Amino acid sequence: MGALMVIFSLQTKQRRKMTDSVEDELELSAARHRPEALEQLEAQTRFSRKELQILYRGFKNECPSGVVNEDTFKEIYSQFFPQGDASTYAHFLFDAFDTDHNGSVSFEDFVMGLSILLRGTVQEKLNWAFNLYDINKDGYVTKEEMLDIIKSIYDMMGKCTYPTLKEETPRQHVEIFFQKMDKNRDGVVTIDEFIDCCQNDENIMKSMQLFENVI
Amino acid sequence: MAAGVAAWLPFARAAAIGWMPVASAPMPPPPRDKRRGQDGLIILNVSGTRFQTWLNTLERYPDTLLGSTERDFFFHEETNEYFFDRDPDIFRHILNFYRTGKLHYPRHECISAYDEELAFFGIIPEIIGDCCYEEYKDRRRENAERIQDDEENDNNKDMVLPDMSFRETMWRAFENPHTSTMALVFYYVTGFFIAVSVMANVVETVPCGSGPNRAKEVSCGERYALAFFCLDTACVMIFTVEYLLRLIAAPSRYKFVKSVMSIIDVVAIMPYYIGLVMTDNEDVSGAFVTLRVFRVFRIFKFSRHSAGLRILGYTLKSCASELGFLLFSLTMAIIIFATVMFYAEKGSTATKFTSIPAAFWYTIVTMTTLGYGDMVPKTIIGKVFGSICSLSGVLVIALPVPVIVSNFSRIYHQSQRAEKRRAQKKTRLARIHAAKSGGANAYLQYKRNGMLAEAEEEASKHAGQALVCKSNPTFETQHHHLLHCLEKTTNHEFVDEQTYETSCMEVSLAKPSMSRSSSMSSSPHGLSSCCTRRNKRKSFNVPNSNMVAGRRGSIQELSTIQIRERPMSNSRSSLNAKFEETVPLNSEEQSYITAAVISMPTPPVTTPEGGDSSSSHNFLQSNIVRVSAL
């Protein structure tokens, strides 16, 4: 009797496997991408030719097919934060990088984003950061969106922190943020409020300069 | 973290911009970038095959040869590249490791060559990727087993320890019957008696026709009771004697008593003695009959005589888990089906399925497809379940069997391989010794030429020596000079075999008592064997005979080897002739040979005989000669 059940389950698994493999094959053949020419990218971004070469080599090494889908993106980003769970923040990052919202980040998207982050003006950087925080891309950052973002940042820390993370810490952090940024107290932060406030804050201005020499 | 991900670090740092506006504290200052713009191509020339890679790729693993400053040792200025005199095929995999962060093991490469390359480049094998790790471990285990087999066989089989006590000789005779005729005879005799004993047990129970005073038939055992008793006694006596002898000869008695074979021996002979002791007591005679069953265990004594039986036993032991699984699943199935059949057949009249345990018998007979037919289901539902039972029985039994079969096959092939290797080893070693002695003779011949640096010309003259003639005369001269220095240091000379043997014959004739004086466990036995086999004409004076005795440790291995090979005899005779005339040292007309040390290292087969003074000598020589034989 047990033997019969074993045979039966084996049969169904085989059938399922066959259908899966057909779908997989289609997927594999579709996901390839070649970036635009080096000259074009050079014109569009603020990276030099050599820098673009180095960036592309690293990009292609990790993703030989030329595009990054969300899972690979999460995996790569998580490797930098082994103690915590970086997948939520990576998800937000992915949405921010994937400007055309087609579910994958190509080399152009990648390098454009990096160009703004590393070589852009302060205004552009702040714009990008606001875009990151605005999860539904409606132009307003609500408290819930901010809570999600801050929770994902705290998730990256993991459990073993000093002092230990408490439940209300993210919420408190959101309150502080909104107190600083939300000038007209309407419960949302707009882009102008955000940029205005950040430009007047010394700490934030100083930290914006930090990542200029990354490449 | 995979090295490839390091390329994405700039991206991760850039993405940190999202934290800035929400940061509760100011950011720390960034680290200063120490080495910038050092990324260039680096050329690695491995035996002519040029590999090129970025410098950064190699720097990912700074604790390996290529990633650290150790590679500077291999830098070749003229061509501005790094040159490695190693295998380019295996290097390909090593370089791929730097590129992708994963080390793969190529299946077609030899495992020891691969390990050597890994050790050279400073890469630990544990980081081999999951895809190749199993294969790597399997090959490594196989190789280790092979080396272990070789070592075991070397140590056990062919060693003729001359000073072995009687006890050790006996033990060796028991374990390896082919070593001496006595052992072989004993082996066959015991085998014969085991067979006789088993046959007697069997024939005892055959009905032998009715006796003269009795109405019914009696078995042969009862009719010829006395004859069978005598036969049994004889067999048991032989077995007892054998067991006691083995017990005496065993090097570790405790280990011997614990071993499986000795337990089988004991179980085989115990019933007889117990029977002797308690024949008069009526109550336990029932138990006595049961004991006679144990006599059948004598048949297991055959496993000493058959390697196949031993392999079978070893296989069953190594497949214990599969057998256990088989048993467990069978038990489960038996219980299930017996229950089902019992309840299915409960309704029918005069059914044989009286209880669930009674149904066990039916289930076992059906699952193993025996189908005796003494119990059959009568109801329809009983028949349905009966057929399901027999179908699943076939499956459950067939599942673990291939695992056991493959295990047996692996072990059997392993033992076959060991046998083949042993047979090949003899020829292989003989060839190696021929090559080595060729190297030694080159030096002796160099000496004949009066230590001149014209070794190359002389070497070409003696065609017989062309086998080991090297194309590097500078090397040869320097090597010969080194050997000469050694001679001067120790105040002894290298000689060839014949000279040595003649001298040793002299020693054994002149001073038989000297043979006992050596500190090492060397063999007078070896010497006498060597000298009796060769009959030399010249006689030499041997002033320092005690030195000769001291060297006997190394010598006695030599004697066994020399007998095996017969190198170039024609050149030898001419050498001897020259030898007579060129070397006068004493006032006596005969020559001066003192040392009987021949430049033959202790060969790897026989283990070196300890020895302090000559061990260093041997070591040096073995070093030297090995170089020349390359």
# chains A, B, ... in the order shown; residues from 1 in each chain; ligands from 1

$ interface_residues --of "chain A" --to "chain B" --cutoff "9 Å" --atoms "only C-alpha atoms" --output "short mmCIF file (atom, residue, chain, number, x, y, z; two decimals) with N, CA, C and O atoms, in the first residue's frame"
data_model
loop_
_atom_site.label_atom_id
_atom_site.label_comp_id
_atom_site.auth_asym_id
_atom_site.auth_seq_id
_atom_site.Cartn_x
_atom_site.Cartn_y
_atom_site.Cartn_z
N MET A 1 0.85 -1.20 0.00
CA MET A 1 0.00 0.00 0.00
C MET A 1 0.88 1.24 0.00
O MET A 1 0.71 2.14 -0.80
N GLY A 2 1.82 1.26 0.89
CA GLY A 2 2.75 2.39 0.93
C GLY A 2 3.48 2.51 -0.38
O GLY A 2 3.71 3.60 -0.90
N ALA A 3 3.79 1.35 -0.94
CA ALA A 3 4.52 1.36 -2.20
C ALA A 3 3.67 2.01 -3.29
O ALA A 3 4.13 2.80 -4.10
N LEU A 4 2.40 1.71 -3.27
CA LEU A 4 1.51 2.30 -4.26
C LEU A 4 1.51 3.81 -4.16
O LEU A 4 1.58 4.53 -5.15
N ILE A 54 35.21 49.59 -15.50
CA ILE A 54 35.33 48.85 -14.24
C ILE A 54 33.96 48.47 -13.70
O ILE A 54 33.72 47.34 -13.27
N LEU A 55 33.04 49.44 -13.78
CA LEU A 55 31.70 49.18 -13.27
C LEU A 55 31.04 48.05 -14.04
O LEU A 55 30.41 47.16 -13.45
N ARG A 57 32.38 45.65 -15.73
CA ARG A 57 33.00 44.35 -15.51
C ARG A 57 32.47 43.73 -14.22
O ARG A 57 32.14 42.55 -14.17
N GLY A 58 32.39 44.55 -13.17
CA GLY A 58 31.87 44.05 -11.91
C GLY A 58 30.43 43.61 -12.05
O GLY A 58 30.02 42.56 -11.56
N PHE A 59 29.66 44.45 -12.75
CA PHE A 59 28.24 44.15 -12.94
C PHE A 59 28.06 42.83 -13.67
O PHE A 59 27.31 41.95 -13.25
N ASN A 61 30.11 40.40 -14.06
CA ASN A 61 30.66 39.25 -13.35
C ASN A 61 29.61 38.62 -12.45
O ASN A 61 29.47 37.41 -12.39
N GLU A 62 28.87 39.50 -11.77
CA GLU A 62 27.89 38.99 -10.84
C GLU A 62 26.61 38.56 -11.55
O GLU A 62 25.94 37.63 -11.13
N ILE A 76 22.59 39.95 -3.61
CA ILE A 76 23.86 40.68 -3.63
C ILE A 76 23.91 41.65 -2.47
O ILE A 76 24.90 41.73 -1.75
N TYR A 77 22.83 42.41 -2.30
CA TYR A 77 22.85 43.42 -1.24
C TYR A 77 22.94 42.77 0.13
O TYR A 77 23.59 43.29 1.03
N GLN A 79 24.51 40.24 0.99
CA GLN A 79 25.83 39.74 1.33
C GLN A 79 26.65 40.78 2.07
O GLN A 79 27.63 40.44 2.74
N PHE A 80 26.27 42.04 1.97
CA PHE A 80 27.01 43.07 2.68
C PHE A 80 26.54 43.21 4.11
O PHE A 80 27.21 43.84 4.92
N LEU A 93 15.29 49.79 -2.64
CA LEU A 93 16.38 50.23 -3.51
C LEU A 93 16.11 49.81 -4.94
O LEU A 93 16.32 50.57 -5.88
N PHE A 110 21.39 50.94 -13.64
CA PHE A 110 22.36 50.86 -12.56
C PHE A 110 23.30 52.04 -12.60
O PHE A 110 23.55 52.73 -11.61
N LEU A 114 23.83 55.30 -10.09
CA LEU A 114 25.11 55.53 -9.44
C LEU A 114 25.67 56.89 -9.79
O LEU A 114 26.30 57.56 -8.98
N LEU A 117 24.02 59.36 -7.62
CA LEU A 117 24.38 59.22 -6.21
C LEU A 117 25.81 59.64 -5.93
O LEU A 117 26.12 60.16 -4.86
N LEU A 118 26.69 59.36 -6.87
CA LEU A 118 28.09 59.61 -6.60
C LEU A 118 28.60 60.91 -7.20
O LEU A 118 29.53 61.50 -6.68
N LYS A 125 20.86 64.48 -5.46
CA LYS A 125 20.93 63.38 -4.50
C LYS A 125 19.71 63.37 -3.59
O LYS A 125 19.11 62.33 -3.32
N LEU A 126 19.34 64.57 -3.13
CA LEU A 126 18.19 64.65 -2.25
C LEU A 126 16.94 64.21 -2.98
O LEU A 126 16.08 63.51 -2.42
N TRP A 128 16.80 62.03 -5.32
CA TRP A 128 16.86 60.58 -5.40
C TRP A 128 16.43 59.94 -4.09
O TRP A 128 15.68 58.96 -4.05
N ALA A 129 16.92 60.53 -2.99
CA ALA A 129 16.56 59.98 -1.68
C ALA A 129 15.05 60.10 -1.45
O ALA A 129 14.42 59.17 -0.93
N PHE A 130 14.49 61.23 -1.82
CA PHE A 130 13.05 61.38 -1.67
C PHE A 130 12.30 60.34 -2.49
O PHE A 130 11.31 59.76 -2.04
N LEU A 132 13.34 57.48 -3.16
CA LEU A 132 13.45 56.22 -2.46
C LEU A 132 12.39 56.10 -1.37
O LEU A 132 11.75 55.07 -1.22
N TYR A 133 12.20 57.19 -0.64
CA TYR A 133 11.28 57.13 0.49
C TYR A 133 9.83 57.06 0.02
O TYR A 133 9.00 56.42 0.65
N ILE A 150 12.09 53.07 7.63
CA ILE A 150 12.95 53.04 8.82
C ILE A 150 13.00 51.63 9.42
O ILE A 150 14.05 51.18 9.87
N ILE A 153 15.48 49.69 7.54
CA ILE A 153 16.86 50.03 7.90
C ILE A 153 17.24 49.35 9.21
O ILE A 153 18.34 48.81 9.35
N HIS A 173 11.61 57.03 15.88
CA HIS A 173 12.48 57.61 14.87
C HIS A 173 11.67 58.36 13.81
O HIS A 173 12.04 59.46 13.39
N VAL A 174 10.55 57.76 13.41
CA VAL A 174 9.68 58.42 12.42
C VAL A 174 9.16 59.75 12.98
O VAL A 174 9.13 60.76 12.27
N ILE A 176 10.51 61.70 15.15
CA ILE A 176 11.59 62.70 15.15
C ILE A 176 11.75 63.26 13.74
O ILE A 176 11.86 64.48 13.53
N PHE A 177 11.76 62.32 12.78
CA PHE A 177 11.95 62.75 11.39
C PHE A 177 10.86 63.71 10.96
O PHE A 177 11.12 64.76 10.36
N CYS A 198 16.57 69.62 4.42
CA CYS A 198 17.89 68.99 4.42
C CYS A 198 18.99 69.99 4.14
O CYS A 198 20.08 69.91 4.72
N ASN A 203 24.41 68.45 9.47
CA ASN A 203 24.84 67.05 9.49
C ASN A 203 24.55 66.38 8.15
O ASN A 203 25.39 65.70 7.59
N ILE A 204 23.33 66.64 7.68
CA ILE A 204 22.94 65.96 6.45
C ILE A 204 23.81 66.45 5.29
O ILE A 204 24.28 65.67 4.46
N MET A 205 24.07 67.71 5.28
CA MET A 205 24.92 68.23 4.20
C MET A 205 26.30 67.63 4.22
O MET A 205 26.86 67.26 3.19
N LYS A 206 26.84 67.50 5.44
CA LYS A 206 28.18 66.92 5.55
C LYS A 206 28.19 65.48 5.08
O LYS A 206 29.10 65.05 4.37
N SER A 207 27.14 64.74 5.47
CA SER A 207 27.16 63.33 5.10
C SER A 207 26.96 63.13 3.61
O SER A 207 27.39 62.13 3.06
N MET A 208 26.32 64.09 2.96
CA MET A 208 26.15 63.96 1.52
C MET A 208 27.48 63.98 0.79
O MET A 208 27.61 63.41 -0.28
N LEU A 210 30.12 62.58 1.85
CA LEU A 210 30.96 61.44 2.24
C LEU A 210 31.23 60.46 1.11
O LEU A 210 32.28 59.88 1.01
N PHE A 211 30.20 60.27 0.28
CA PHE A 211 30.31 59.16 -0.66
C PHE A 211 30.77 59.61 -2.04
O PHE A 211 30.48 58.99 -3.04
N GLU A 212 31.51 60.70 -2.06
CA GLU A 212 31.89 61.17 -3.39
C GLU A 212 33.03 60.38 -3.98
O GLU A 212 33.11 60.22 -5.19
N ASN A 213 33.91 59.88 -3.14
CA ASN A 213 35.09 59.23 -3.69
C ASN A 213 34.97 57.72 -3.69
O ASN A 213 35.94 57.01 -3.51
N VAL A 214 33.78 57.24 -3.88
CA VAL A 214 33.59 55.80 -3.77
C VAL A 214 34.24 55.08 -4.95
O VAL A 214 34.78 53.98 -4.81
N ILE A 215 34.20 55.68 -6.12
CA ILE A 215 34.86 54.99 -7.24
C ILE A 215 36.16 55.71 -7.55
O ILE A 215 36.13 56.89 -7.81
#

$ residues_around --residues "stretch 295-309 of chain B" --least-positions-apart "6" --cutoff "9 Å" --atoms "only C-alpha atoms" --output "PyMOL selection string"
chain B and resi 187-188+191+194-195+197-198+201+261+264-265+267-272+412

$ write_last_selection --atoms "all heavy atoms" --output "compact mmCIF listing (two decimals), in the first residue's frame"
# COMPACT_ATOMS: atom_id res chain seq x y z
N TYR B 187 47.55 -25.73 6.82
CA TYR B 187 46.38 -25.07 6.25
C TYR B 187 45.46 -26.07 5.57
O TYR B 187 44.25 -26.13 5.82
CB TYR B 187 46.90 -24.02 5.28
CG TYR B 187 45.90 -23.23 4.51
CD1 TYR B 187 45.18 -22.20 5.10
CD2 TYR B 187 45.70 -23.45 3.16
CE1 TYR B 187 44.31 -21.44 4.38
CE2 TYR B 187 44.82 -22.68 2.43
CZ TYR B 187 44.14 -21.69 3.04
OH TYR B 187 43.29 -20.92 2.31
N TYR B 188 46.05 -26.91 4.73
CA TYR B 188 45.22 -27.86 4.01
C TYR B 188 44.65 -28.93 4.91
O TYR B 188 43.53 -29.40 4.74
CB TYR B 188 46.00 -28.49 2.85
CG TYR B 188 46.12 -27.56 1.68
CD1 TYR B 188 47.36 -27.20 1.15
CD2 TYR B 188 44.98 -27.01 1.09
CE1 TYR B 188 47.45 -26.34 0.09
CE2 TYR B 188 45.07 -26.15 0.03
CZ TYR B 188 46.31 -25.82 -0.47
OH TYR B 188 46.40 -24.96 -1.51
N GLY B 191 41.73 -27.54 6.73
CA GLY B 191 40.62 -27.43 5.80
C GLY B 191 39.96 -28.77 5.58
O GLY B 191 38.72 -28.90 5.61
N ILE B 194 37.91 -29.78 8.59
CA ILE B 194 36.65 -29.04 8.70
C ILE B 194 35.61 -29.69 7.79
O ILE B 194 34.46 -29.94 8.20
CB ILE B 194 36.83 -27.56 8.31
CG1 ILE B 194 37.76 -26.85 9.28
CG2 ILE B 194 35.50 -26.85 8.29
CD1 ILE B 194 38.07 -25.44 8.87
N ALA B 195 36.05 -29.98 6.57
CA ALA B 195 35.12 -30.59 5.62
C ALA B 195 34.63 -31.93 6.13
O ALA B 195 33.43 -32.25 6.08
CB ALA B 195 35.80 -30.74 4.26
N SER B 197 34.45 -32.97 9.18
CA SER B 197 33.56 -32.82 10.33
C SER B 197 32.16 -32.42 9.89
O SER B 197 31.16 -32.97 10.38
CB SER B 197 34.16 -31.77 11.26
OG SER B 197 33.19 -31.33 12.16
N VAL B 198 32.09 -31.50 8.95
CA VAL B 198 30.77 -31.07 8.50
C VAL B 198 30.04 -32.21 7.81
O VAL B 198 28.84 -32.43 8.02
CB VAL B 198 30.91 -29.85 7.57
CG1 VAL B 198 29.61 -29.54 6.90
CG2 VAL B 198 31.41 -28.66 8.35
N ASN B 201 28.64 -34.59 10.34
CA ASN B 201 27.42 -34.07 10.95
C ASN B 201 26.21 -34.31 10.06
O ASN B 201 25.12 -34.63 10.52
CB ASN B 201 27.55 -32.56 11.21
CG ASN B 201 28.38 -32.28 12.43
OD1 ASN B 201 28.66 -33.18 13.19
ND2 ASN B 201 28.75 -31.02 12.60
N MET B 261 37.00 -14.72 14.34
CA MET B 261 37.41 -16.08 13.96
C MET B 261 37.63 -16.94 15.19
O MET B 261 37.27 -18.12 15.21
CB MET B 261 38.69 -16.02 13.13
CG MET B 261 38.51 -15.48 11.74
SD MET B 261 37.20 -16.25 10.80
CE MET B 261 37.67 -17.95 10.86
N ILE B 264 34.36 -18.08 16.60
CA ILE B 264 33.80 -19.17 15.80
C ILE B 264 34.50 -20.48 16.18
O ILE B 264 33.85 -21.53 16.34
CB ILE B 264 33.98 -18.89 14.30
CG1 ILE B 264 33.08 -17.72 13.90
CG2 ILE B 264 33.64 -20.11 13.47
CD1 ILE B 264 33.24 -17.32 12.46
N ASP B 265 35.82 -20.43 16.35
CA ASP B 265 36.55 -21.63 16.74
C ASP B 265 36.02 -22.19 18.05
O ASP B 265 35.77 -23.39 18.19
CB ASP B 265 38.04 -21.31 16.90
CG ASP B 265 38.71 -21.08 15.56
OD1 ASP B 265 38.15 -21.56 14.54
OD2 ASP B 265 39.76 -20.43 15.52
N VAL B 267 33.15 -21.66 19.53
CA VAL B 267 31.77 -22.16 19.41
C VAL B 267 31.76 -23.51 18.71
O VAL B 267 30.91 -24.36 18.99
CB VAL B 267 30.91 -21.13 18.64
CG1 VAL B 267 29.59 -21.73 18.25
CG2 VAL B 267 30.69 -19.91 19.50
N ALA B 268 32.73 -23.73 17.83
CA ALA B 268 32.73 -25.00 17.10
C ALA B 268 33.14 -26.17 17.99
O ALA B 268 32.65 -27.29 17.80
CB ALA B 268 33.65 -24.89 15.90
N ILE B 269 34.05 -25.92 18.94
CA ILE B 269 34.53 -27.07 19.70
C ILE B 269 33.87 -27.20 21.07
O ILE B 269 33.96 -28.25 21.70
CB ILE B 269 36.06 -27.03 19.87
CG1 ILE B 269 36.49 -25.77 20.59
CG2 ILE B 269 36.73 -27.13 18.53
CD1 ILE B 269 38.00 -25.68 20.74
N MET B 270 33.23 -26.14 21.52
CA MET B 270 32.61 -26.19 22.85
C MET B 270 31.59 -27.32 23.01
O MET B 270 31.62 -28.02 24.03
CB MET B 270 31.95 -24.86 23.18
CG MET B 270 32.82 -23.97 24.04
SD MET B 270 33.34 -24.77 25.52
CE MET B 270 35.08 -24.61 25.40
N PRO B 271 30.66 -27.52 22.07
CA PRO B 271 29.61 -28.53 22.30
C PRO B 271 30.17 -29.90 22.63
O PRO B 271 29.61 -30.63 23.44
CB PRO B 271 28.87 -28.56 20.96
CG PRO B 271 29.14 -27.27 20.33
CD PRO B 271 30.49 -26.85 20.78
N TYR B 272 31.29 -30.23 22.02
CA TYR B 272 31.86 -31.55 22.27
C TYR B 272 32.26 -31.68 23.73
O TYR B 272 31.93 -32.67 24.39
CB TYR B 272 33.07 -31.74 21.36
CG TYR B 272 33.78 -33.03 21.58
CD1 TYR B 272 33.30 -34.21 21.02
CD2 TYR B 272 34.92 -33.08 22.37
CE1 TYR B 272 33.96 -35.40 21.22
CE2 TYR B 272 35.57 -34.27 22.58
CZ TYR B 272 35.10 -35.43 22.01
OH TYR B 272 35.74 -36.61 22.24
N TYR B 412 34.64 -5.92 -3.51
CA TYR B 412 35.26 -7.01 -4.24
C TYR B 412 36.30 -6.48 -5.22
O TYR B 412 37.42 -6.99 -5.32
CB TYR B 412 34.17 -7.80 -4.95
CG TYR B 412 34.68 -8.97 -5.72
CD1 TYR B 412 35.17 -10.10 -5.07
CD2 TYR B 412 34.68 -8.98 -7.11
CE1 TYR B 412 35.65 -11.17 -5.76
CE2 TYR B 412 35.14 -10.05 -7.81
CZ TYR B 412 35.63 -11.16 -7.15
OH TYR B 412 36.09 -12.22 -7.85

$ atom_distance --atom1 "atom CA of A:Gln83" --atom2 "atom CA of A:Leu165"
14.0 Å

$ select_by_dssp --residues "stretch 74-161 of chain A" --states "helix (DSSP H, G or I)" --output "NGL selection string"
:A and (74-78 or 87-97 or 107-119 or 122-133 or 143-157)

$ select_by_dssp --residues "stretch 42-215 of chain B" --states "strand (DSSP E or B)" --output "list in words"
Ile42, Ile43, Leu44, Asn45, Val46, Thr49, Arg50, Phe51, Gln52, Thr53, Trp54, Phe75, His76, Glu81, Tyr82, Phe83, Phe84, Leu103, Ile128, Pro207, Cys208, Gly209 and Ser210 of chain B
